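Student: Enclosed is the structure file run11.cif (mmCIF, C-alpha atoms and all ligand atoms).
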data_my_file
#
loop_
_atom_site.label_atom_id
_atom_site.label_comp_id
_atom_site.auth_asym_id
_atom_site.auth_seq_id
_atom_site.Cartn_x
_atom_site.Cartn_y
_atom_site.Cartn_z
CA MET I 694 87.66 120.53 87.22
CA ALA I 695 86.59 117.08 88.39
CA GLU I 696 88.06 115.96 91.70
CA LYS I 697 90.75 113.27 91.38
CA THR I 698 89.69 110.03 93.02
CA TYR I 699 90.83 106.49 93.73
CA GLU I 700 88.47 103.65 93.00
CA ILE I 701 88.40 101.02 95.72
CA ARG I 702 86.75 97.61 95.33
CA ILE I 703 86.00 95.74 98.53
CA THR I 704 84.93 92.12 98.77
CA ARG I 705 82.14 91.95 101.31
CA GLN I 706 80.27 89.13 102.96
CA ASP I 707 76.87 89.16 104.58
CA PRO I 708 77.18 87.64 108.08
CA ASP I 709 73.67 86.17 107.98
CA THR I 710 73.46 84.67 104.50
CA GLY I 711 77.17 84.27 103.69
CA GLU I 712 76.49 85.98 100.35
CA LYS I 713 79.59 87.61 98.86
CA THR I 714 79.39 90.89 96.96
CA LYS I 715 81.82 93.48 95.65
CA SER I 716 81.31 97.14 96.52
CA PHE I 717 82.98 99.99 94.64
CA TYR I 718 83.79 103.33 96.25
CA GLN I 719 85.36 106.55 94.98
CA ILE I 720 87.77 108.16 97.46
CA PRO I 721 89.26 111.62 96.94
CA VAL I 722 93.02 111.78 96.51
CA ILE I 723 94.38 113.06 99.82
CA PRO I 724 98.19 113.09 100.23
CA GLY I 725 99.42 110.47 102.68
CA MET I 726 96.04 108.74 103.05
CA THR I 727 96.45 105.11 104.09
CA VAL I 728 94.19 102.22 103.12
CA LEU I 729 92.92 102.20 106.70
CA GLU I 730 92.05 105.89 106.48
CA ALA I 731 90.28 105.23 103.18
CA LEU I 732 88.16 102.59 104.93
CA TRP I 733 87.24 105.10 107.62
CA TYR I 734 86.40 107.62 104.91
CA ILE I 735 83.99 105.10 103.42
CA VAL I 736 82.37 104.36 106.78
CA ASP I 737 82.11 108.05 107.77
CA ARG I 738 80.86 109.44 104.47
CA ILE I 739 79.66 106.78 102.08
CA ASP I 740 78.62 103.49 103.65
CA GLY I 741 78.47 103.00 107.41
CA SER I 742 77.76 99.29 107.07
CA LEU I 743 81.32 98.33 106.11
CA SER I 744 83.15 96.29 108.78
CA PHE I 745 86.89 95.99 109.36
CA ARG I 746 89.26 95.70 112.32
CA TYR I 747 91.82 98.21 113.54
CA SER I 748 93.14 99.52 116.82
CA CYS I 749 96.51 101.25 116.97
CA ARG I 750 96.68 102.83 113.49
CA GLY I 751 100.45 102.60 113.72
CA GLY I 752 101.52 99.08 112.72
CA VAL I 753 101.63 97.83 116.30
CA CYS I 754 98.43 95.90 117.08
CA GLY I 755 98.21 93.71 113.96
CA SER I 756 94.41 94.08 113.73
CA CYS I 757 94.18 95.65 110.28
CA SER I 758 95.82 92.80 108.39
CA MET I 759 94.03 92.22 105.05
CA GLN I 760 94.67 91.65 101.36
CA ILE I 761 95.47 94.79 99.42
CA ASN I 762 95.81 94.15 95.71
CA ARG I 763 96.13 90.44 96.59
CA GLU I 764 99.07 90.95 98.98
CA VAL I 765 98.62 90.42 102.71
CA GLN I 766 99.52 93.72 104.34
CA LEU I 767 98.62 96.04 107.22
CA ALA I 768 96.08 98.60 106.00
CA CYS I 769 97.54 101.26 108.28
CA GLN I 770 100.99 100.88 106.71
CA VAL I 771 100.02 101.19 103.05
CA GLN I 772 99.35 104.58 101.50
CA LEU I 773 97.01 104.70 98.51
CA SER I 774 99.68 106.58 96.56
CA MET I 775 102.08 103.60 96.97
CA LEU I 776 99.76 101.33 94.98
CA PRO I 777 99.76 100.92 91.19
CA GLN I 778 97.23 102.97 89.23
CA GLY I 779 93.82 101.41 88.72
CA THR I 780 91.17 99.99 90.97
CA ILE I 781 92.52 99.10 94.42
CA ILE I 782 91.29 95.67 95.46
CA ILE I 783 90.68 95.08 99.17
CA GLU I 784 89.78 91.62 100.45
CA PRO I 785 89.76 89.87 103.82
CA LEU I 786 92.65 87.64 104.86
CA PRO I 787 92.52 84.44 102.79
CA ARG I 788 91.75 80.99 104.14
CA LEU I 789 90.12 82.09 107.38
CA SER I 790 86.33 82.18 107.79
CA VAL I 791 84.84 85.57 107.19
CA ILE I 792 82.66 86.92 109.97
CA LYS I 793 81.66 90.04 108.05
CA ASP I 794 83.29 91.96 105.19
CA LEU I 795 86.99 92.33 106.14
CA VAL I 796 86.62 90.78 109.61
CA VAL I 797 87.83 87.19 109.79
CA ASP I 798 87.75 84.57 112.50
CA MET I 799 91.26 84.54 114.01
CA LYS I 800 90.50 81.67 116.41
CA PRO I 801 92.39 78.94 114.49
CA PHE I 802 95.46 81.17 114.44
CA MET I 803 95.16 82.22 118.09
CA ASN I 804 94.54 78.66 119.30
CA LYS I 805 97.75 77.47 117.68
CA TYR I 806 99.66 80.51 118.90
CA ASN I 807 98.49 79.87 122.47
CA SER I 808 99.35 76.18 122.22
CA VAL I 809 103.06 77.00 122.54
CA GLN I 810 102.38 78.60 125.93
CA PRO I 811 103.77 82.01 124.98
CA PHE I 812 104.53 83.27 128.47
CA PHE I 813 107.11 82.95 131.23
CA ALA I 814 106.53 80.18 133.77
CA ASN I 815 109.26 80.98 136.28
CA LYS I 816 108.97 79.49 139.73
CA LYS I 817 111.15 82.23 141.24
CA LEU I 818 110.83 85.92 140.56
CA PRO I 819 113.40 88.58 141.48
CA GLN I 820 112.97 89.80 145.06
CA GLN I 821 112.86 93.31 143.73
CA GLY I 822 113.37 95.14 140.48
CA GLU I 823 113.10 93.87 136.97
CA MET I 824 114.19 90.66 135.30
CA VAL I 825 117.24 91.96 133.52
CA GLN I 826 119.05 90.57 130.52
CA SER I 827 122.21 91.68 128.79
CA ALA I 828 122.30 93.23 125.35
CA GLU I 829 123.95 90.07 124.10
CA GLN I 830 121.20 87.84 125.53
CA ARG I 831 118.64 90.10 123.94
CA THR I 832 120.02 89.41 120.46
CA ASP I 833 118.66 85.83 120.73
CA ILE I 834 115.09 87.15 120.67
CA GLU I 835 115.54 90.53 119.01
CA ASP I 836 113.45 89.66 115.94
CA SER I 837 110.89 87.28 117.40
CA VAL I 838 109.71 89.80 120.04
CA LYS I 839 108.56 92.07 117.23
CA CYS I 840 105.65 89.78 116.31
CA ILE I 841 102.30 91.61 116.43
CA MET I 842 100.18 88.51 115.74
CA CYS I 843 98.65 89.93 112.57
CA GLY I 844 98.34 86.43 111.09
CA ALA I 845 99.96 87.38 107.77
CA CYS I 846 102.52 84.58 107.95
CA TYR I 847 99.87 82.06 108.97
CA VAL I 848 97.55 82.69 106.04
CA VAL I 849 100.29 82.46 103.40
CA CYS I 850 102.00 79.34 104.79
CA PRO I 851 101.31 76.40 102.43
CA LEU I 852 101.83 73.83 105.18
CA VAL I 853 99.09 75.30 107.36
CA TYR I 854 96.63 74.16 104.69
CA LYS I 855 98.19 70.80 104.06
CA ASP I 856 98.55 69.78 107.69
CA ALA I 857 95.83 70.85 110.10
CA ASP I 858 98.12 70.11 113.06
CA PHE I 859 101.00 72.33 111.93
CA MET I 860 101.03 75.25 114.32
CA GLY I 861 102.25 77.76 111.76
CA PRO I 862 105.05 80.31 111.52
CA ALA I 863 103.89 82.84 114.14
CA ALA I 864 103.43 80.15 116.80
CA MET I 865 106.85 78.71 115.96
CA ALA I 866 108.40 82.18 116.21
CA ALA I 867 106.74 82.56 119.62
CA ALA I 868 108.09 79.16 120.64
CA GLN I 869 111.56 80.35 119.67
CA ARG I 870 111.09 83.62 121.51
CA PHE I 871 110.06 82.03 124.81
CA ALA I 872 112.59 79.21 124.54
CA PHE I 873 115.56 81.45 123.85
CA ASP I 874 114.69 84.25 126.27
CA SER I 875 117.36 84.16 128.98
CA ARG I 876 114.80 85.26 131.58
CA ASN I 877 112.56 82.25 131.02
CA GLU I 878 114.03 79.57 133.26
CA GLN I 879 112.04 76.70 131.72
CA GLY I 880 112.23 77.96 128.18
CA LYS I 881 114.22 75.32 126.35
CA GLN I 882 112.74 72.50 128.41
CA ARG I 883 109.28 73.67 127.45
CA LEU I 884 110.31 73.87 123.83
CA VAL I 885 111.01 70.16 123.98
CA GLU I 886 108.09 69.10 126.18
CA VAL I 887 105.24 71.29 125.09
CA ASN I 888 106.02 72.49 121.63
CA GLY I 889 107.01 69.09 120.41
CA LEU I 890 110.06 68.34 118.39
CA GLY I 891 108.22 67.62 115.23
CA ASP I 892 106.69 70.79 113.87
CA PHE I 893 109.85 72.33 112.48
CA HIS I 894 110.51 69.14 110.47
CA GLY I 895 107.36 69.80 108.49
CA CYS I 896 108.36 73.33 107.45
CA LEU I 897 108.64 73.36 103.67
CA LYS I 898 111.09 76.30 103.77
CA VAL I 899 109.08 78.19 101.20
CA GLY I 900 109.79 81.41 103.09
CA LYS I 901 106.51 83.18 102.28
CA CYS I 902 106.07 83.80 106.01
CA SER I 903 109.23 85.88 106.18
CA HIS I 904 108.35 87.71 102.96
CA VAL I 905 104.96 88.96 104.17
CA CYS I 906 105.84 89.67 107.81
CA PRO I 907 105.39 93.44 108.29
CA LYS I 908 107.73 93.54 111.30
CA GLY I 909 110.80 91.62 110.17
CA VAL I 910 110.27 88.68 112.52
CA ASP I 911 111.57 86.31 109.83
CA PRO I 912 109.67 83.25 111.10
CA ALA I 913 111.47 80.95 108.64
CA ARG I 914 114.77 81.80 110.32
CA ARG I 915 113.24 81.34 113.79
CA ILE I 916 112.07 77.84 112.80
CA GLU I 917 115.62 77.08 111.65
CA GLU I 918 116.94 78.18 115.05
CA ILE I 919 114.61 75.71 116.73
CA ARG I 920 115.75 73.01 114.32
CA GLU I 921 119.43 73.76 115.01
CA TYR I 922 118.86 73.69 118.76
CA VAL I 923 116.92 70.42 118.73
CA GLU I 924 119.38 68.73 116.38
CA ALA I 925 122.32 69.76 118.58
CA LEU I 926 120.40 68.47 121.60
CA SER I 927 119.81 65.06 120.06
CA LYS I 928 123.47 64.77 119.01
CA ASN I 929 124.56 65.36 122.59
CA ASN I 930 122.18 62.75 124.00
FE1 LIG I 1001 97.16 98.33 114.42
FE2 LIG I 1001 97.16 98.52 111.74
S1 LIG I 1001 95.68 99.30 113.14
S2 LIG I 1001 98.53 97.40 112.99
#
Render the structure in this file as structure tokens.
Tutor:
Amino acid sequence: MAEKTYEIRITRQDPDTGEKTKSFYQIPVIPGMTVLEALWYIVDRIDGSLSFRYSCRGGVCGSCSMQINREVQLACQVQLSMLPQGTIIIEPLPRLSVIKDLVVDMKPFMNKYNSVQPFFANKKLPQQGEMVQSAEQRTDIEDSVKCIMCGACYVVCPLVYKDADFMGPAAMAAAQRFAFDSRNEQGKQRLVEVNGLGDFHGCLKVGKCSHVCPKGVDPARRIEEIREYVEALSKNN
């Protein structure tokens, strides 16, 4: 009896010529196999020239973000058996330059993310021990700390493509996270000085960012929290 297989179609791009092609592969049905494992299968046994990114294999590093059947998802979190029957379509993240095959240039995303200065800038550190925070204080950043910088929210945000200066949902979620973290002594001040007061005004509230986020960061809600804070601040001044 013929072996049962999945057909996978991958959009590829030659790094030297920029030529785009589609490659088809037949993958045996193996229970529990993820899209990422299918890509390894291709590289190990069928075509070693295929390029893609991954690191943790467990939905933690954000490297394997790509389009699977036209939805931006983490390849390590999607099992082939979860997808509808028929050819499985794998493509690189949209709207970012392709370096090769499924590997895209994340620099525009990372530059904007870094522009919000996503780190603590405390002048004083505890003499000893850790910087503690209460469970209640932690709730302010509970969702935004989950961001794995996969770029999914960035590539689906319509405003990112309309306004080249808009920093995008992940950067705004990071701005919220470092502003509202009780351990960051300059957090809210930096939100005002560095992150500007304007970016959240531009948000179209489409909510695609929250829909595609694989970690439940809910960037649209985080942007609203910034808006609420800044509006309360201006009322008090
Ligand atoms: Fe790290 Fe998929 S390989 S999130």
Student: Out of I:Gln719, I:Ser790, I:Gln766, I:Gln821, which residue has the shortest atom-to-atom distance to ligand LIG 1001 (chain I) when counting only C-alpha atoms and all ligand atoms?
Tutor: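 Looking at the shortest contact to ligand LIG 1001 (chain I), the residue is I:Gln766.
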Student: Considering only C-alpha atoms, return as an mmCIF file with C-alpha atoms, in the frame of the given file whatever protein or nucleic-acid residues lie within 8 Å of Lys908 of chain I, sequence-local ones (same chain, fewer than 2 positions apart) excluded.
Tutor:
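Saved to part03.cif:
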data_model
loop_
_atom_site.group_PDB
_atom_site.id
_atom_site.type_symbol
_atom_site.label_atom_id
_atom_site.label_comp_id
_atom_site.auth_asym_id
_atom_site.auth_seq_id
_atom_site.Cartn_x
_atom_site.Cartn_y
_atom_site.Cartn_z
ATOM 1 C CA LYS I 839 108.560 92.070 117.230
ATOM 2 C CA CYS I 840 105.650 89.780 116.310
ATOM 3 C CA ILE I 841 102.300 91.610 116.430
ATOM 4 C CA CYS I 906 105.840 89.670 107.810
ATOM 5 C CA VAL I 910 110.270 88.680 112.520
#
Student: To check your reading of the model: which residues sit at most 8 Å from ligand LIG 1001 (chain I) when counting only C-alpha atoms and all ligand atoms? Write the answer as a list in words.
Tutor: Leu729, Arg746, Tyr747, Ser748, Cys749, Arg750, Gly751, Gly752, Val753, Cys754, Gly755, Ser756, Cys757, Ser758, Leu767, Ala768, Cys769, Gln770, Ile841 and Cys843 of chain I
Student: With distances taken over only C-alpha atoms, which of I:Ile735, I:Ile723, I:Leu926, I:Met803 is nearest to Gln772 of chain I?
Tutor: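 With only C-alpha atoms as the atom set, the closest residue is I:Ile723.
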Student: Can you measure atom CA of Ala845 of chain I to atom CA of Phe802 of chain I for me? One decimal in Å is fine.
Tutor: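 Distance reported for this atom pair: 10.2 Å.
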Student: Of the candidates I:Thr714, I:Ser742, I:Ser837, I:Thr698, which one gets nearest to Ser774 of chain I if we count all atoms listed in the file?
Tutor: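 Closest to Ser774 of chain I of all the choices is I:Thr698.
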Student: Is there a way to get, as a PyMOL selection string, all residues within 12 Å of the point (87.9, 91.1, 94.5) in file coordinates, counting only C-alpha atoms?
Tutor: chain I and resi 701-706+713-717+760-763+780-787+794-795
Student: For Val771 of chain I, which of I:Val849, I:Gln826, I:Pro907, I:Ile739 is the closest residue, counting all atoms listed in the file?
Tutor: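 Of the candidates, the smallest distance to Val771 of chain I is held by I:Pro907.
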Student: Could you name the residues that touch Val905 of chain I at 7 Å or less, counting only C-alpha atoms, but leaving out those on the same chain fewer than 4 positions away, as a list in words?
Tutor: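 My reading of the contact set: Val765, Ala845, Cys846 and Lys901 of chain I.
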Student: I'd like the neighbourhood of Val838 of chain I as a tab-separated table (two decimals) with C-alpha atoms, in the coordinates of the input, where a residue qualifies if any of its atoms comes within 10 Å (using only C-alpha atoms), though same-chain residues fewer than 2 positions away should be ignored.
Tutor:
chain	number	residue	atom	x	y	z
I	831	ARG	CA	118.64	90.10	123.94
I	833	ASP	CA	118.66	85.83	120.73
I	834	ILE	CA	115.09	87.15	120.67
I	835	GLU	CA	115.54	90.53	119.01
I	836	ASP	CA	113.45	89.66	115.94
I	840	CYS	CA	105.65	89.78	116.31
I	841	ILE	CA	102.30	91.61	116.43
I	866	ALA	CA	108.40	82.18	116.21
I	867	ALA	CA	106.74	82.56	119.62
I	869	GLN	CA	111.56	80.35	119.67
I	870	ARG	CA	111.09	83.62	121.51
I	871	PHE	CA	110.06	82.03	124.81
I	874	ASP	CA	114.69	84.25	126.27
I	908	LYS	CA	107.73	93.54	111.30
I	910	VAL	CA	110.27	88.68	112.52
Student: Rounded to one decimal place, report the atom CA of Lys697 of chain I-atom CA of Ser744 of chain I distance in Å.
Tutor: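 Going from atom CA of Lys697 of chain I over to atom CA of Ser744 of chain I, I get 25.5 Å.
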